[in-house]
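Shown next: query01.cif, given as mmCIF, C-alpha atoms and all ligand atoms.
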data_final
loop_
_atom_site.label_atom_id
_atom_site.label_comp_id
_atom_site.auth_asym_id
_atom_site.auth_seq_id
_atom_site.Cartn_x
_atom_site.Cartn_y
_atom_site.Cartn_z
CA MET A 100 13.76 14.92 2.06
CA LYS A 101 15.55 12.36 -0.12
CA VAL A 102 13.40 9.23 -0.35
CA ALA A 103 14.39 5.84 -1.78
CA ILE A 104 11.62 3.59 -2.96
CA LEU A 105 13.08 0.08 -3.15
CA GLY A 106 10.72 -1.53 -5.65
CA THR A 107 9.21 -0.71 -9.03
CA GLY A 108 5.81 -2.40 -8.67
CA VAL A 109 2.44 -0.75 -8.11
CA VAL A 110 3.25 -0.07 -4.45
CA GLY A 111 6.59 1.54 -5.24
CA GLN A 112 5.02 3.66 -7.96
CA ALA A 113 2.09 4.79 -5.77
CA LEU A 114 4.34 5.78 -2.88
CA ALA A 115 6.84 7.43 -5.21
CA ARG A 116 4.05 9.64 -6.55
CA GLY A 117 2.94 10.35 -2.99
CA PHE A 118 6.39 11.54 -1.88
CA LEU A 119 6.83 13.57 -5.07
CA GLY A 120 3.51 15.22 -4.19
CA LEU A 121 5.06 16.25 -0.85
CA GLN A 122 7.92 17.86 -2.83
CA ASP A 123 10.37 15.16 -1.71
CA GLU A 124 13.24 14.00 -3.93
CA VAL A 125 12.51 10.42 -5.02
CA ALA A 126 14.82 7.68 -6.31
CA ILE A 127 13.21 4.36 -7.24
CA GLY A 128 15.52 1.38 -6.75
CA THR A 129 15.55 -1.60 -9.11
CA ARG A 130 17.91 -4.41 -10.18
CA ASP A 131 18.47 -3.02 -13.67
CA PRO A 132 17.50 0.57 -14.52
CA ALA A 133 18.13 -0.17 -18.22
CA SER A 134 15.48 -2.94 -18.36
CA ASP A 135 12.31 -2.28 -20.34
CA SER A 136 10.19 -2.50 -17.20
CA ALA A 137 12.37 -0.01 -15.30
CA ARG A 138 12.35 2.44 -18.22
CA LYS A 139 8.56 2.18 -18.33
CA VAL A 140 8.41 3.05 -14.62
CA ALA A 141 10.68 6.06 -15.25
CA ASP A 142 8.21 7.24 -17.91
CA GLU A 143 5.18 6.65 -15.70
CA VAL A 144 6.57 8.36 -12.59
CA PRO A 145 7.98 11.60 -13.98
CA GLY A 146 10.20 13.41 -11.53
CA ALA A 147 11.59 10.25 -9.95
CA ARG A 148 15.02 8.85 -10.82
CA VAL A 149 15.13 5.08 -11.46
CA VAL A 150 18.49 3.78 -10.23
CA PRO A 151 20.11 0.58 -8.91
CA PHE A 152 18.94 -0.49 -5.44
CA ALA A 153 22.33 0.44 -3.91
CA GLU A 154 22.35 3.96 -5.32
CA ALA A 155 18.83 4.63 -4.07
CA ALA A 156 19.70 3.33 -0.59
CA ARG A 157 23.03 5.15 -0.37
CA THR A 158 21.69 8.56 -1.32
CA CYS A 159 18.44 8.57 0.69
CA GLU A 160 17.42 9.88 4.09
CA LEU A 161 14.36 7.59 4.32
CA ALA A 162 13.60 4.39 2.41
CA VAL A 163 10.52 2.35 1.58
CA LEU A 164 10.76 -1.38 0.95
CA ALA A 165 8.21 -2.48 -1.68
CA THR A 166 9.55 -5.70 -3.17
CA ALA A 167 8.04 -9.10 -3.94
CA TRP A 168 8.53 -11.22 -0.83
CA SER A 169 10.48 -13.86 -2.76
CA GLY A 170 13.02 -11.20 -3.76
CA THR A 171 13.08 -9.10 -0.60
CA GLU A 172 16.20 -10.53 1.06
CA SER A 173 18.04 -10.32 -2.24
CA ALA A 174 16.87 -6.73 -2.84
CA LEU A 175 18.14 -5.72 0.62
CA GLU A 176 21.48 -7.39 -0.09
CA LEU A 177 21.71 -5.43 -3.34
CA ALA A 178 20.67 -2.21 -1.58
CA GLY A 179 23.42 -2.81 0.98
CA PRO A 180 22.27 -2.92 4.61
CA ALA A 181 25.08 -0.48 5.54
CA ASN A 182 23.54 2.10 3.19
CA LEU A 183 20.37 1.97 5.30
CA ALA A 184 22.07 2.22 8.72
CA GLY A 185 20.33 4.70 11.00
CA LYS A 186 17.66 5.46 8.38
CA VAL A 187 13.91 4.91 8.66
CA LEU A 188 12.99 1.92 6.47
CA ILE A 189 9.24 1.65 5.88
CA ASP A 190 8.42 -2.01 5.24
CA ALA A 191 5.33 -2.33 3.03
CA THR A 192 5.94 -5.98 2.13
CA ASN A 193 3.67 -8.92 2.77
CA PRO A 194 5.24 -12.39 2.89
CA LEU A 195 3.01 -13.87 0.22
CA ASP A 196 3.39 -17.35 -1.24
CA PHE A 197 1.71 -17.64 -4.65
CA SER A 198 2.86 -21.22 -5.29
CA GLY A 199 -0.69 -22.53 -4.77
CA GLY A 200 -2.30 -19.84 -6.98
CA VAL A 201 -4.56 -17.04 -5.76
CA PRO A 202 -5.46 -15.92 -3.24
CA PRO A 203 -1.91 -16.40 -1.93
CA LYS A 204 -1.01 -17.73 1.50
CA LEU A 205 1.31 -16.25 4.11
CA ALA A 206 4.84 -17.66 3.78
CA VAL A 207 5.71 -16.93 7.44
CA GLY A 208 3.68 -16.08 10.53
CA HIS A 209 2.82 -16.77 14.19
CA THR A 210 6.43 -17.10 15.37
CA THR A 211 8.03 -14.50 13.10
CA SER A 212 7.03 -12.04 10.37
CA ALA A 213 8.31 -10.25 7.32
CA GLY A 214 8.79 -7.13 9.46
CA GLU A 215 11.09 -8.97 11.85
CA LEU A 216 13.01 -10.67 9.05
CA VAL A 217 13.47 -7.32 7.26
CA GLN A 218 14.79 -5.85 10.53
CA ALA A 219 17.22 -8.79 10.80
CA TRP A 220 18.38 -8.40 7.18
CA ALA A 221 18.93 -4.64 7.64
CA PRO A 222 19.89 -4.65 11.32
CA ALA A 223 20.96 -1.01 11.65
CA ALA A 224 17.92 0.38 9.81
CA ARG A 225 14.96 1.69 11.81
CA VAL A 226 12.27 -0.54 10.27
CA VAL A 227 8.62 0.49 10.53
CA LYS A 228 5.88 -1.76 9.16
CA ALA A 229 3.30 0.36 7.34
CA PHE A 230 1.13 0.45 4.22
CA ASN A 231 0.96 -3.39 4.04
CA ILE A 232 -2.75 -3.60 4.98
CA VAL A 233 -4.11 -1.63 2.03
CA PRO A 234 -4.15 -1.99 -1.76
CA ALA A 235 -1.69 0.22 -3.63
CA PRO A 236 -4.31 2.55 -5.21
CA LEU A 237 -5.39 3.69 -1.73
CA MET A 238 -1.97 4.25 -0.17
CA VAL A 239 -1.87 7.97 -0.86
CA ASN A 240 -4.81 10.32 -0.25
CA PRO A 241 -7.45 7.57 0.02
CA GLU A 242 -10.88 8.98 -0.69
CA LEU A 243 -13.42 6.72 0.93
CA LYS A 244 -17.04 7.15 1.96
CA GLY A 245 -16.26 6.51 5.63
CA GLY A 246 -13.55 9.17 5.93
CA PRO A 247 -9.84 8.62 6.58
CA PRO A 248 -9.00 4.93 7.09
CA THR A 249 -6.70 3.58 9.79
CA MET A 250 -3.12 2.46 9.21
CA PHE A 251 -1.55 0.37 11.97
CA ILE A 252 2.21 0.67 12.27
CA ALA A 253 4.94 -1.22 14.17
CA GLY A 254 8.66 -0.78 14.68
CA ASN A 255 11.29 -0.85 17.41
CA ASP A 256 12.30 2.83 17.25
CA ALA A 257 9.74 5.27 18.69
CA ALA A 258 11.09 8.28 16.78
CA ALA A 259 10.93 6.32 13.52
CA ARG A 260 7.33 5.34 14.24
CA GLU A 261 6.54 9.02 14.85
CA ALA A 262 8.18 10.01 11.55
CA VAL A 263 6.07 7.43 9.70
CA ALA A 264 2.90 8.56 11.50
CA ASP A 265 3.63 12.08 10.26
CA ILE A 266 4.01 10.84 6.66
CA LEU A 267 0.76 8.87 6.99
CA HIS A 268 -1.02 11.96 8.26
CA ARG A 269 0.21 13.92 5.24
CA PHE A 270 -0.97 11.06 2.98
CA GLY A 271 -4.48 11.38 4.45
CA TRP A 272 -4.40 8.56 7.02
CA GLU A 273 -5.16 8.14 10.68
CA SER A 274 -2.40 5.99 12.18
CA ILE A 275 -2.25 3.79 15.26
CA ASP A 276 1.11 2.85 16.75
CA LEU A 277 1.06 -0.78 17.91
CA GLY A 278 4.63 -0.85 19.27
CA GLY A 279 7.55 -3.13 18.38
CA ILE A 280 8.26 -4.72 15.02
CA GLU A 281 6.99 -8.09 16.30
CA GLN A 282 3.48 -6.62 15.95
CA SER A 283 4.00 -7.31 12.23
CA ARG A 284 2.84 -10.82 13.19
CA LEU A 285 -0.62 -9.26 13.50
CA LEU A 286 -0.41 -6.82 10.58
CA GLU A 287 0.60 -9.36 7.94
CA PRO A 288 -2.36 -11.70 8.64
CA LEU A 289 -4.55 -8.57 8.68
CA ALA A 290 -3.33 -7.89 5.15
CA MET A 291 -4.63 -11.35 4.22
CA VAL A 292 -8.12 -10.13 5.12
CA PHE A 293 -8.05 -7.38 2.47
CA ILE A 294 -6.28 -9.66 -0.03
CA THR A 295 -8.81 -12.49 0.43
CA TYR A 296 -11.68 -9.99 0.30
CA ALA A 297 -10.26 -8.38 -2.86
CA PHE A 298 -9.87 -11.69 -4.71
CA LYS A 299 -13.25 -13.03 -3.57
CA PHE A 300 -15.28 -9.93 -4.44
CA ASN A 301 -12.94 -8.43 -7.06
CA HIS A 302 -12.93 -5.19 -5.09
CA TRP A 303 -9.52 -3.57 -4.65
CA LYS A 304 -10.50 -0.22 -3.15
CA ALA A 305 -11.25 -0.94 0.50
CA ALA A 306 -9.34 -0.10 3.68
CA PHE A 307 -9.75 -0.75 7.41
CA LYS A 308 -11.02 1.82 9.88
CA LEU A 309 -11.04 1.44 13.67
CA LEU A 310 -14.39 2.68 15.02
CA ARG A 311 -14.43 3.76 18.65
CA ALA A 312 -17.32 4.19 21.10
N1 LIG B 1 -0.02 -4.72 -4.65
C1 LIG B 1 -0.58 -4.20 -3.57
O1 LIG B 1 -1.66 -3.56 -3.65
C2 LIG B 1 0.09 -4.34 -2.23
C3 LIG B 1 -0.50 -3.80 -1.10
C4 LIG B 1 0.18 -3.88 0.13
C5 LIG B 1 1.41 -4.52 0.20
N2 LIG B 1 1.94 -5.08 -0.93
C6 LIG B 1 3.26 -5.72 -0.83
O2 LIG B 1 4.20 -4.76 -1.33
C7 LIG B 1 5.29 -5.43 -1.98
C8 LIG B 1 5.42 -4.88 -3.41
O3 LIG B 1 4.28 -5.25 -4.15
P1 LIG B 1 4.09 -4.76 -5.67
O4 LIG B 1 2.85 -5.42 -6.15
O5 LIG B 1 4.23 -3.29 -5.75
O6 LIG B 1 5.38 -5.29 -6.43
P2 LIG B 1 5.95 -6.76 -6.72
O7 LIG B 1 5.66 -7.12 -8.12
O8 LIG B 1 5.49 -7.71 -5.65
O9 LIG B 1 7.53 -6.51 -6.53
C9 LIG B 1 8.23 -5.80 -7.50
C10 LIG B 1 9.61 -5.50 -7.01
O10 LIG B 1 10.25 -6.66 -6.46
C11 LIG B 1 11.57 -6.72 -6.98
N3 LIG B 1 12.05 -8.11 -7.03
C12 LIG B 1 11.37 -9.21 -7.45
N4 LIG B 1 12.15 -10.29 -7.39
C13 LIG B 1 13.36 -9.86 -6.96
C14 LIG B 1 14.61 -10.51 -6.70
N5 LIG B 1 14.77 -11.83 -6.88
N6 LIG B 1 15.63 -9.76 -6.24
C15 LIG B 1 15.49 -8.43 -6.04
N7 LIG B 1 14.34 -7.76 -6.28
C16 LIG B 1 13.29 -8.47 -6.72
C17 LIG B 1 11.45 -6.18 -8.37
O11 LIG B 1 12.72 -5.73 -8.79
P3 LIG B 1 12.96 -5.12 -10.26
O12 LIG B 1 12.51 -3.68 -10.18
O13 LIG B 1 14.41 -5.26 -10.46
O14 LIG B 1 12.12 -5.93 -11.21
C18 LIG B 1 10.49 -5.02 -8.15
O15 LIG B 1 11.18 -3.85 -7.81
C19 LIG B 1 4.97 -6.94 -1.91
O16 LIG B 1 5.66 -7.50 -0.81
C20 LIG B 1 3.47 -6.96 -1.69
O17 LIG B 1 3.02 -8.12 -1.02
C21 LIG B 1 1.33 -5.01 -2.13
#

Take the structure in the file and give it back as structure tokens.
Amino acid sequence: MKVAILGTGVVGQALARGFLGLQDEVAIGTRDPASDSARKVADEVPGARVVPFAEAARTCELAVLATAWSGTESALELAGPANLAGKVLIDATNPLDFSGGVPPKLAVGHTTSAGELVQAWAPAARVVKAFNIVPAPLMVNPELKGGPPTMFIAGNDAAAREAVADILHRFGWESIDLGGIEQSRLLEPLAMVFITYAFKFNHWKAAFKLLRA
């Protein structure tokens, strides 16, 4: 499968390595592939091409959105929403506002969510919220004392949610399908639990698990 990772940060790099490990073809999208930071990412993720957002989006079969919230709408504009039409778009973003320092606060919530805004900015893409509730180092093949953690997912297209559940399974996760993209209103505040915990205890390798009777 041809996968576009829209974002060069730690999330984009972790998921790029994960898809490469599944033998997928990976293009990492960025604003300027010639920048020092983009060239460093190309060196650190061998096997992936680092290309402009639009090229990654145009040539992929599935995309992952892993951009800073403040730049997410702009990154989608650069990627070209038409290039993502009909494609699964995994939204790993959290709408974080760092203007008051750390830990950050949510920039939107309760009445909307990043997931819903991403779906509105890329209306023909099949957006699935996933990976936002866990730190980047655990996104692929998390090895934790309590066994496989739980990833909650949300999106409007059932087949897209199933495709993402399959990827999660191959990345070593249990997944739980919560339904429509508006469930991102729950998943983004849930991310604040791990973010607040991580900053407070300086512990960045923890994930949620749903325990059942
Ligand atoms: N860090 C984590 O452990 C973690 C865990 C779960 C979810 N998340 C969420 O995942 C997303 C990515 O996080 P991250 O830490 O990997 O990376 P990040 O530093 O938050 O974002 C880096 C990416 O954002 C792009 N970007 C920034 N400003 C932009 C603008 N004005 N226009 C277009 N693109 C812009 C950058 O483009 P260039 O490549 O051109 O510089 C880069 O590709 C965030 O929404 C974050 O909240 C993070």

(Q) Could you check which residues have any atom within 12 Å of (-12.1, -14.2, -0.2), counting only C-alpha atoms with coordinates taken straight from the file, and then list them as a ChimeraX atom specification? (A) /A:201-204,291-303

Q. Which chains and residue numbers are within 8 Å of ligand LIG 1 (chain B), counting all atoms listed in the file, if I want them as a ChimeraX atom specification?
A. /A:105-112,128-132,136-137,164-175,177,191-195,230-236,290,303

(Q) Which residues are near Ala181 in chain A? Cut-off 12 Å, only C-alpha atoms, ignore same chain within fewer than 5 positions. Put them as a PyMOL selection string. (A) chain A and resi 153+156-158+175-176+186+220-224

Within 10 Å of range 265-283 of chain A, which residues of range 155-248 of chain A come that close, and what is the closest atom pair and distance in Å for each? Count only C-alpha atoms and give it as a Markdown table.
| residue | atom | partner | partner_atom | distance |
| --- | --- | --- | --- | --- |
| A:Asp190 | CA | A:Ser283 | CA | 9.8 |
| A:Asn193 | CA | A:Ser283 | CA | 9.6 |
| A:Gly208 | CA | A:Ser283 | CA | 8.9 |
| A:His209 | CA | A:Ser283 | CA | 9.7 |
| A:Thr210 | CA | A:Glu281 | CA | 9.1 |
| A:Thr211 | CA | A:Glu281 | CA | 7.2 |
| A:Ser212 | CA | A:Ser283 | CA | 5.9 |
| A:Ala213 | CA | A:Ser283 | CA | 7.2 |
| A:Gly214 | CA | A:Ser283 | CA | 5.5 |
| A:Glu215 | CA | A:Ile280 | CA | 6.0 |
| A:Leu216 | CA | A:Ile280 | CA | 9.7 |
| A:Val217 | CA | A:Ile280 | CA | 9.7 |
| A:Gln218 | CA | A:Ile280 | CA | 8.0 |
| A:Arg225 | CA | A:Ile280 | CA | 9.8 |
| A:Val226 | CA | A:Ile280 | CA | 7.5 |
| A:Val227 | CA | A:Ile280 | CA | 6.9 |
| A:Lys228 | CA | A:Ser283 | CA | 6.6 |
| A:Ala229 | CA | A:Leu267 | CA | 8.9 |
| A:Phe230 | CA | A:Leu267 | CA | 8.9 |
| A:Asn231 | CA | A:Ser283 | CA | 9.6 |
| A:Leu237 | CA | A:Phe270 | CA | 9.8 |
| A:Met238 | CA | A:Phe270 | CA | 7.6 |
| A:Val239 | CA | A:Phe270 | CA | 5.0 |
| A:Asn240 | CA | A:Gly271 | CA | 4.8 |
| A:Pro241 | CA | A:Gly271 | CA | 6.6 |
| A:Glu242 | CA | A:Gly271 | CA | 8.6 |
| A:Gly246 | CA | A:Trp272 | CA | 9.2 |
| A:Pro247 | CA | A:Trp272 | CA | 5.5 |
| A:Pro248 | CA | A:Trp272 | CA | 5.9 |

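Nearest to Pro288 in chain A of all the residues A:Ala253, A:Ala259, A:Val207, A:Ala264 is A:Val207, counting only C-alpha atoms.
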
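Between CA of Leu309 in chain A and CA of Asn255 in chain A the separation is 22.8 Å.
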
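Across the model, the gap from CA of Asp123 in chain A to CA of Glu261 in chain A is 18.1 Å.
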
**Q.** Neighbour residues at most 7 Å from (15.9, 11.8, 2.3) (all atoms listed in the file) as a list in words
**A.** Met100, Lys101, Val102, Cys159, Glu160 and Leu161 of chain A

All file atoms of range 187-196 of chain A boxed axis-aligned, 8 Å per side, centre plus edges, as lines of an AutoDock Vina configuration file:
center_x = 8.5
center_y = -6.2
center_z = 3.7
size_x = 26.9
size_y = 38.3
size_z = 25.9

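Straight-line separation from CA of Ala206 in chain A to CA of Val163 in chain A: 20.9 Å.
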
Q) Restricting the calculation to all atoms listed in the file, which member of A:Ala162, A:Met250, A:Ala312, A:Arg260 is positioned closest to Ala184 in chain A? A)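 Looking only at the distances to Ala184 in chain A, the closest residue turns out to be A:Ala162.
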
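Among the candidates A:Ala305, A:Ile127, A:Ala155, A:Ala219, the one nearest to Ala141 in chain A when counting all atoms listed in the file is A:Ile127.
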
Q) For Lys304 in chain A, which of A:Val263, A:Leu289, A:Leu243, A:Leu121 is the closest residue, counting all atoms listed in the file? A)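 Nearest candidate to Lys304 in chain A out of A:Val263, A:Leu289, A:Leu243, A:Leu121: A:Leu243.
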